[in-house]
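Below is the file structure.txt, which contains compact mmCIF, C-alpha atoms and all ligand atoms.
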```
# COMPACT_ATOMS: atom_id res chain seq x y z
CA VAL A 1 0.00 0.00 0.00
CA ARG A 2 2.80 2.33 0.92
CA SER A 3 4.62 1.81 -2.37
CA ALA A 4 1.45 2.48 -4.29
CA ARG A 5 1.02 5.71 -2.38
CA VAL A 6 4.58 6.77 -3.14
CA LEU A 7 3.97 6.03 -6.81
CA ALA A 8 0.82 8.11 -6.77
CA LEU A 9 2.68 10.98 -5.17
CA LEU A 10 5.49 10.69 -7.70
CA PHE A 11 2.95 10.88 -10.46
CA VAL A 12 1.32 13.93 -8.93
CA ALA A 13 4.69 15.55 -8.39
CA ALA A 14 5.51 15.04 -12.06
CA CYS A 15 2.22 16.41 -13.35
CA VAL A 16 1.34 19.31 -11.09
CA PRO A 17 2.68 22.70 -12.15
CA PRO A 18 5.32 24.11 -9.82
CA ARG A 19 4.12 25.15 -6.36
CA GLU A 20 0.47 24.50 -7.06
CA GLY A 21 0.29 22.45 -3.90
CA ALA A 22 1.38 25.41 -1.80
CA ARG A 23 -1.66 27.53 -2.39
CA SER A 24 -4.03 25.82 0.01
CA SER A 25 -1.67 26.08 2.92
CA ALA A 26 -2.42 28.30 5.85
CA PRO A 27 -0.15 31.33 5.93
CA ALA A 28 2.53 31.29 8.56
CA PRO A 29 2.33 34.17 11.05
CA GLY A 30 4.09 37.21 9.68
CA ASN A 31 4.36 35.65 6.26
CA ALA A 32 1.62 37.59 4.56
CA GLN A 33 3.30 37.52 1.16
CA ALA A 34 3.30 33.77 0.91
CA SER A 35 -0.47 33.75 1.30
CA ARG A 36 -0.98 36.26 -1.45
CA ARG A 37 -0.27 33.87 -4.22
CA PRO A 38 -3.58 33.57 -6.02
CA GLU A 39 -5.15 30.44 -7.42
CA SER A 40 -2.67 29.34 -10.01
CA LYS A 41 -5.15 28.50 -12.75
CA SER A 42 -3.29 30.79 -15.10
CA ARG A 43 0.01 29.05 -14.53
CA ALA A 44 0.87 27.08 -17.60
CA VAL A 45 2.67 23.78 -17.28
CA PRO A 46 6.31 24.58 -18.03
CA ARG A 47 7.53 23.27 -21.33
CA ALA A 48 10.04 20.81 -19.92
CA SER A 49 7.65 19.19 -17.46
CA ALA A 50 4.89 18.76 -20.05
CA ASN A 51 6.72 15.69 -21.35
CA ILE A 52 7.46 14.11 -18.01
CA VAL A 53 5.98 10.67 -17.67
CA ALA A 54 5.57 8.98 -14.32
CA VAL A 55 8.11 6.18 -14.33
CA PRO A 56 7.28 3.28 -12.02
CA THR A 57 9.85 3.33 -9.25
CA ILE A 58 10.42 0.63 -6.69
CA VAL A 59 10.77 2.30 -3.34
CA GLU A 60 12.38 0.29 -0.58
CA PRO A 61 10.47 0.46 2.69
CA GLY A 62 11.92 3.26 4.74
CA LEU A 63 13.69 4.83 1.77
CA GLU A 64 11.53 7.67 0.56
CA PRO A 65 12.45 9.72 -2.45
CA SER A 66 13.97 13.07 -1.64
CA GLY A 67 11.42 15.75 -0.88
CA ILE A 68 8.44 13.43 -0.58
CA THR A 69 7.26 12.31 2.82
CA PRO A 70 4.03 10.35 2.45
CA SER A 71 3.37 10.31 6.17
CA ALA A 72 3.32 14.10 6.44
CA ASP A 73 0.65 15.32 4.06
CA ALA A 74 0.40 18.70 5.76
CA ALA A 75 4.11 19.35 5.42
CA ALA A 76 4.02 18.31 1.77
CA GLU A 77 1.28 20.81 1.07
CA THR A 78 3.32 23.76 2.27
CA ARG A 79 6.40 22.63 0.37
CA PRO A 80 6.86 24.48 -2.90
CA ARG A 81 6.97 22.44 -6.07
CA PHE A 82 9.79 23.06 -8.46
CA ARG A 83 10.27 22.23 -12.07
CA TYR A 84 13.52 20.39 -11.44
CA PRO A 85 13.99 17.80 -8.69
CA VAL A 86 15.24 18.96 -5.33
CA VAL A 87 18.67 17.75 -4.23
CA SER A 88 20.50 17.50 -0.93
CA ARG A 89 20.88 20.88 0.75
CA GLU A 90 24.64 20.82 0.30
CA ALA A 91 24.30 20.38 -3.47
CA SER A 92 22.01 23.38 -4.13
CA ARG A 93 23.35 26.61 -5.59
CA VAL A 94 21.30 29.78 -5.93
CA LEU A 95 22.24 32.76 -8.05
CA VAL A 96 20.63 36.01 -6.91
CA LEU A 97 20.44 38.62 -9.65
CA LEU A 98 20.33 42.35 -8.94
CA TYR A 99 18.64 44.73 -11.37
CA HIS A 100 17.91 48.44 -11.12
CA GLY A 101 16.24 50.24 -14.02
CA PHE A 102 14.99 49.13 -17.43
CA GLY A 103 15.21 51.26 -20.54
CA ASP A 104 16.46 51.40 -24.06
CA VAL A 105 19.83 52.94 -23.20
CA ALA A 106 22.11 50.29 -21.73
CA SER A 107 24.21 51.22 -18.72
CA ASP A 108 25.46 49.75 -15.45
CA TYR A 109 22.06 50.46 -13.89
CA ASN A 110 19.80 50.13 -16.89
CA THR A 111 18.90 46.93 -18.75
CA PRO A 112 17.24 47.19 -22.17
CA PRO A 113 13.91 45.31 -22.12
CA SER A 114 14.89 43.35 -25.25
CA LEU A 115 17.95 41.99 -23.44
CA PHE A 116 15.97 41.43 -20.24
CA ALA A 117 13.45 39.37 -22.22
CA ARG A 118 16.26 37.14 -23.53
CA GLN A 119 17.72 36.76 -20.04
CA ILE A 120 14.39 35.78 -18.48
CA GLU A 121 13.60 33.45 -21.36
CA TRP A 122 16.91 31.66 -20.80
CA LEU A 123 16.38 31.46 -17.04
CA ALA A 124 12.79 30.24 -17.36
CA GLY A 125 13.95 27.53 -19.75
CA ASN A 126 16.95 26.32 -17.79
CA VAL A 127 16.60 26.82 -14.03
CA ASP A 128 13.92 27.29 -11.40
CA ILE A 129 13.15 30.95 -10.74
CA ILE A 130 12.31 30.99 -7.04
CA ALA A 131 10.98 33.65 -4.68
CA VAL A 132 13.06 35.50 -2.11
CA SER A 133 10.86 33.94 0.60
CA GLU A 134 11.69 30.48 -0.75
CA LEU A 135 15.40 31.26 -0.54
CA ALA A 136 14.81 32.37 3.07
CA ARG A 137 13.08 29.07 3.84
CA PHE A 138 15.98 27.17 2.27
CA LEU A 139 18.56 29.06 4.35
CA GLU A 140 16.44 28.45 7.46
CA GLY A 141 16.60 24.73 6.75
CA GLU A 142 12.90 24.40 6.03
CA ILE A 143 12.89 23.34 2.38
CA GLU A 144 15.18 21.81 -0.21
CA LEU A 145 15.85 23.32 -3.61
CA PRO A 146 16.84 22.06 -7.06
CA ALA A 147 20.54 21.97 -7.92
CA ARG A 148 20.38 25.34 -9.66
CA SER A 149 17.90 28.10 -9.08
CA VAL A 150 17.81 31.85 -9.49
CA VAL A 151 16.28 34.72 -7.54
CA ILE A 152 15.41 37.96 -9.34
CA THR A 153 15.68 41.15 -7.29
CA ILE A 154 15.06 44.70 -8.48
CA ASP A 155 16.30 47.61 -6.37
CA ASP A 156 15.19 51.22 -6.03
CA GLY A 157 11.49 51.01 -6.97
CA LEU A 158 11.91 52.75 -10.31
CA ALA A 159 8.86 53.17 -12.52
CA SER A 160 10.47 51.11 -15.27
CA ALA A 161 10.32 47.99 -13.09
CA TYR A 162 6.58 48.16 -13.62
CA THR A 163 6.34 49.58 -17.12
CA ARG A 164 9.18 47.64 -18.78
CA ALA A 165 10.18 44.62 -16.66
CA PHE A 166 6.87 43.42 -15.20
CA PRO A 167 5.24 42.55 -18.57
CA ILE A 168 8.23 40.32 -19.38
CA LEU A 169 8.28 38.68 -15.96
CA LYS A 170 4.54 38.04 -16.20
CA ARG A 171 4.90 36.47 -19.63
CA HIS A 172 7.32 33.91 -18.18
CA ASP A 173 5.48 33.46 -14.88
CA ALA A 174 8.72 34.49 -13.19
CA ARG A 175 8.81 35.37 -9.51
CA PHE A 176 10.75 38.42 -8.39
CA ALA A 177 11.17 40.87 -5.53
CA ILE A 178 11.26 44.65 -5.55
CA GLY A 179 13.36 46.48 -2.97
CA VAL A 180 11.55 49.67 -2.05
CA PRO A 181 13.33 52.75 -0.60
CA THR A 182 10.24 54.15 1.08
CA ALA A 183 11.17 57.83 1.49
CA LEU A 184 12.16 58.09 -2.17
CA LEU A 185 8.94 56.42 -3.24
CA GLU A 186 6.92 58.93 -1.26
CA ARG A 187 8.93 61.90 -2.54
CA TRP A 188 9.71 61.22 -6.17
CA HIS A 189 7.48 62.23 -8.99
CA GLU A 190 5.37 59.41 -10.28
CA ASP A 191 7.06 59.17 -13.66
CA ARG A 192 10.33 58.25 -11.95
CA ALA A 193 9.33 56.06 -9.00
CA ILE A 194 6.86 53.25 -9.02
CA GLY A 195 3.53 54.00 -7.34
CA TRP A 196 2.02 52.05 -4.47
CA ARG A 197 -0.90 51.13 -6.72
CA GLU A 198 1.44 49.55 -9.27
CA LEU A 199 3.23 47.68 -6.49
CA ARG A 200 -0.13 46.37 -5.34
CA GLU A 201 -0.95 45.14 -8.84
CA MET A 202 2.38 43.32 -9.06
CA VAL A 203 1.96 41.71 -5.64
CA ASP A 204 -1.58 40.65 -6.55
CA SER A 205 -0.20 38.86 -9.61
CA GLY A 206 1.30 36.36 -7.16
CA LEU A 207 4.74 36.83 -8.68
CA CYS A 208 6.08 39.82 -6.76
CA GLU A 209 7.35 40.14 -3.21
CA ILE A 210 8.21 43.44 -1.55
CA ALA A 211 11.48 43.93 0.30
CA SER A 212 12.67 46.94 2.23
CA HIS A 213 15.50 48.84 0.56
CA SER A 214 15.70 51.20 3.58
CA ASP A 215 13.93 54.51 3.92
CA GLY A 216 16.33 57.20 2.72
CA HIS A 217 18.72 54.98 0.72
CA LYS A 218 21.78 55.83 2.80
CA ASP A 219 24.95 53.81 3.20
CA LEU A 220 24.17 52.04 6.47
CA VAL A 221 27.81 51.16 7.17
CA ARG A 222 28.61 54.87 7.54
CA LEU A 223 25.48 55.77 9.46
CA ARG A 224 25.11 56.25 13.22
CA GLU A 225 23.50 53.25 14.90
CA ASP A 226 20.31 54.97 15.96
CA LEU A 227 19.83 56.16 12.38
CA VAL A 228 20.42 52.65 11.02
CA GLU A 229 17.70 51.43 13.36
CA ARG A 230 15.45 54.17 12.06
CA GLU A 231 16.06 53.12 8.45
CA LEU A 232 15.24 49.51 9.28
CA GLU A 233 12.10 50.29 11.27
CA ARG A 234 10.65 53.21 9.36
CA SER A 235 10.86 51.59 5.93
CA ARG A 236 9.04 48.54 7.20
CA ARG A 237 6.38 50.60 8.92
CA ILE A 238 5.62 52.57 5.75
CA ILE A 239 5.37 49.40 3.64
CA VAL A 240 3.02 47.89 6.23
CA GLU A 241 0.92 51.07 6.27
CA ARG A 242 0.76 51.42 2.50
CA MET A 243 0.43 47.78 1.50
CA GLY A 244 -0.52 45.75 4.54
CA ILE A 245 2.55 43.60 3.93
CA ARG A 246 5.35 43.12 6.42
CA PRO A 247 8.57 42.94 4.39
CA GLU A 248 10.83 40.14 5.57
CA ALA A 249 13.84 40.74 3.35
CA PHE A 250 16.13 43.77 3.54
CA PHE A 251 18.13 44.87 0.49
CA TYR A 252 21.08 46.95 1.78
CA PRO A 253 21.44 50.30 -0.02
CA TYR A 254 24.47 50.15 -2.35
CA GLY A 255 24.78 46.53 -1.26
CA ASN A 256 26.85 47.78 1.69
CA HIS A 257 26.82 45.99 5.01
CA ASP A 258 29.17 44.85 7.74
CA PRO A 259 28.72 42.54 10.75
CA ASN A 260 27.19 45.36 12.77
CA VAL A 261 24.61 46.26 10.12
CA GLN A 262 23.83 42.56 9.67
CA ARG A 263 23.28 42.17 13.41
CA MET A 264 20.97 45.19 13.56
CA THR A 265 18.99 43.91 10.56
CA GLN A 266 18.54 40.60 12.35
CA ILE A 267 17.53 42.28 15.63
CA ALA A 268 15.04 44.47 13.73
CA GLY A 269 13.25 41.24 12.76
CA TYR A 270 14.15 40.76 9.12
CA ARG A 271 14.64 37.18 7.97
CA THR A 272 17.30 37.96 5.38
CA GLY A 273 19.68 40.71 4.26
CA PHE A 274 20.90 41.04 0.67
CA GLY A 275 24.12 42.72 -0.39
CA ILE A 276 26.17 42.52 -3.53
CA THR A 277 28.69 39.98 -4.75
CA ALA A 278 32.01 40.25 -2.98
CA ASN A 279 35.15 38.53 -4.20
CA GLY A 280 34.46 34.91 -4.98
CA SER A 281 31.12 34.53 -3.23
CA ARG A 282 28.66 34.80 -6.07
CA LEU A 283 26.56 31.69 -5.47
CA VAL A 284 24.37 31.19 -2.41
CA HIS A 285 24.51 27.79 -0.71
CA ALA A 286 23.08 26.18 2.41
CA ALA A 287 25.75 27.68 4.67
CA THR A 288 25.53 31.26 3.34
CA PRO A 289 24.79 33.64 6.25
CA ARG A 290 21.20 34.81 5.96
CA TRP A 291 21.98 38.48 6.58
CA ALA A 292 24.86 38.60 4.09
CA ILE A 293 23.40 37.12 0.92
CA PRO A 294 25.44 38.09 -2.16
CA ARG A 295 23.74 39.29 -5.34
CA GLN A 296 25.20 39.45 -8.81
CA ALA A 297 24.61 42.86 -10.40
CA ILE A 298 23.26 42.62 -13.95
CA ASP A 299 24.04 45.57 -16.18
CA GLY A 300 22.80 46.62 -19.58
CA LYS A 301 25.14 44.29 -21.44
CA THR A 302 24.96 40.99 -19.56
CA SER A 303 24.21 38.23 -22.07
CA PRO A 304 22.21 35.13 -21.12
CA GLY A 305 25.39 33.14 -21.73
CA ARG A 306 27.21 35.24 -19.16
CA ILE A 307 24.46 34.53 -16.61
CA ALA A 308 24.88 30.81 -17.35
CA GLN A 309 28.59 31.20 -16.60
CA TYR A 310 27.80 32.74 -13.22
CA PHE A 311 26.47 29.36 -12.15
CA GLU A 312 29.93 27.91 -12.59
CA GLY A 313 31.15 29.89 -9.59
ZN ZN A 401 19.48 51.10 -4.33
```

I'd like the structure from this file rewritten - as structure tokens, please.
Ligand SMILES: [Zn+2]
Amino acid sequence: VRSARVLALLFVAACVPPREGARSSAPAPGNAQASRRPESKSRAVPRASANIVAVPTIVEPGLEPSGITPSADAAAETRPRFRYPVVSREASRVLVLLYHGFGDVASDYNTPPSLFARQIEWLAGNVDIIAVSELARFLEGEIELPARSVVITIDDGLASAYTRAFPILKRHDARFAIGVPTALLERWHEDRAIGWRELREMVDSGLCEIASHSDGHKDLVRLREDLVERELERSRRIIVERMGIRPEAFFYPYGNHDPNVQRMTQIAGYRTGFGITANGSRLVHAATPRWAIPRQAIDGKTSPGRIAQYFEG
């Protein structure tokens, strides 16, 4: 009976679109974003998994396939489903990409939408694009991930994230996170910064998570401690007030952080802190410190092939 059940689960795992099983789960306290994923009826079956056929597998008693625990249905329901099979925690590598603006003129902080479309197409066809909250759960030891996955982060809350990048991300059903510097969002003219209404639309799509990118976008390493605390607290409070979402990830302004800033981010109650790639630490793995997650900056000239190379180390 048990083997038959395992087979049935294997078949379901092969046929269900990624993460569909997660939607019926009760939201964890303080994890409002995870519960915002809508019914995934619009999620198409990814190309590669459309051809997967359930292969009969003999499972030895007591030897369950990785990631499937037939005796814990509730746990299985909250576990995200990925396109590629999960592997041992030690074997997983995650590449976190950092974008800023999107526009036709390529620069260090501006990616042309045509190039962005090719990058996302490559990623969607070759790796799992996972959410920031899923990376947090992996680093907390809660879930396993495929061998290679990518996280898409966009800093600064520029209008072009909505007007130029979002249509492409939506087309590929790609999850992403926007790091919002709250004071700038409140102050900037609407044609430059994204509006709260647009952020709401992106969150409601089920693809977007909101991170804090501080309040005033100052270099926290050079800031007095009480002002760092203010940046951490105030930005979160404004996002909660405006969107009813408690951001759990903090994207350090300029990617700058040190052990003290990391400690204060942790004490302030954030689950993760994201910086920028330092020498030789491009890929995130199970032992990466949660408040010092490196991100690879993507500029206006990064080819999909270059992104593929980043996975090599
Ligand atoms: Zn920034």

Min atom-atom distance to ligand ZN 401 (chain A) from the set A:Val86, A:Ile154, A:Ala292, A:Val228, counting only C-alpha atoms and all ligand atoms, belongs to A:Ile154

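Compared by their closest atoms to A:Ile130, and using only C-alpha atoms, the residues A:Tyr252, A:Phe116, A:Tyr162, A:Phe82 rank with A:Phe82 nearest.
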
List the spatial neighbours of A:Arg93 as a list in words - criterion: any atom at most 9 Å away, all atoms listed in the file, same-chain residues fewer than 5 positions off excluded. Leu145, Pro146, Ala147, Arg148, Ser149, Val150, Leu283, Val284, His285, Ala286 and Phe311 of chain A

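Distance-wise, atom CA of A:Asp299 and atom CA of A:Arg137 end up 28.2 Å apart.
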
Distance filter 9 Å around ligand ZN 401 (chain A), atoms: all atoms listed in the file, out as a PyMOL selection string: chain A and resi 100+154-157+179-181+213-214+217-218+251-255

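Atom CA of A:Cys208 to atom CA of A:Leu123 spans 16.8 Å [interatomic distance, one decimal].
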
How big is the axis-aligned box, and where does its centre sit, when it encloses all atoms of stretch 303-313 of chain A listed in the file and has 8 Å added on every side, reported in Å to one decimal as lines of an AutoDock Vina configuration file?
```
center_x = 26.7
center_y = 33.1
center_z = -15.8
size_x = 24.9
size_y = 26.3
size_z = 28.5
```

Report, in Å with one decimal, the straight-line distance from atom CA of A:Asp173 to atom CA of A:Leu207. 7.1 Å

Would you be able to write out as a compact mmCIF listing (two decimals) with C-alpha atoms, keeping the file's coordinate frame which residues have an atom within 10 Å of (19.5, 39.4, -2.8) in the file's coordinates, counting all atoms listed in the file?
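out15.txt, freshly written:
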```txt
# COMPACT_ATOMS: atom_id res chain seq x y z
CA LEU A 95 22.24 32.76 -8.05
CA VAL A 96 20.63 36.01 -6.91
CA LEU A 97 20.44 38.62 -9.65
CA LEU A 98 20.33 42.35 -8.94
CA VAL A 132 13.06 35.50 -2.11
CA LEU A 135 15.40 31.26 -0.54
CA VAL A 151 16.28 34.72 -7.54
CA ILE A 152 15.41 37.96 -9.34
CA THR A 153 15.68 41.15 -7.29
CA ILE A 154 15.06 44.70 -8.48
CA ASP A 155 16.30 47.61 -6.37
CA ALA A 177 11.17 40.87 -5.53
CA GLY A 179 13.36 46.48 -2.97
CA ALA A 211 11.48 43.93 0.30
CA ALA A 249 13.84 40.74 3.35
CA PHE A 250 16.13 43.77 3.54
CA PHE A 251 18.13 44.87 0.49
CA TYR A 252 21.08 46.95 1.78
CA GLY A 255 24.78 46.53 -1.26
CA THR A 272 17.30 37.96 5.38
CA GLY A 273 19.68 40.71 4.26
CA PHE A 274 20.90 41.04 0.67
CA GLY A 275 24.12 42.72 -0.39
CA ILE A 276 26.17 42.52 -3.53
CA THR A 277 28.69 39.98 -4.75
CA VAL A 284 24.37 31.19 -2.41
CA TRP A 291 21.98 38.48 6.58
CA ALA A 292 24.86 38.60 4.09
CA ILE A 293 23.40 37.12 0.92
CA PRO A 294 25.44 38.09 -2.16
CA ARG A 295 23.74 39.29 -5.34
CA GLN A 296 25.20 39.45 -8.81
CA ALA A 297 24.61 42.86 -10.40
```

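Across A:Leu184, A:Ile267, A:Met243, A:Leu158, the tightest approach to A:Val203 is made by A:Met243 when counting all atoms listed in the file.
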
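Near A:Leu227, within a cut-off of 12 Å and counting all atoms listed in the file, sit the residues Ser214, Asp215, Gly216, His217, Lys218, Asp219, Leu220, Val221, Arg222, Leu223, Arg224, Arg230, Glu231, Leu232, Glu233, Arg234, Ser235, Val261 and Met264 of chain A, with same-chain residues fewer than 3 positions away left out.
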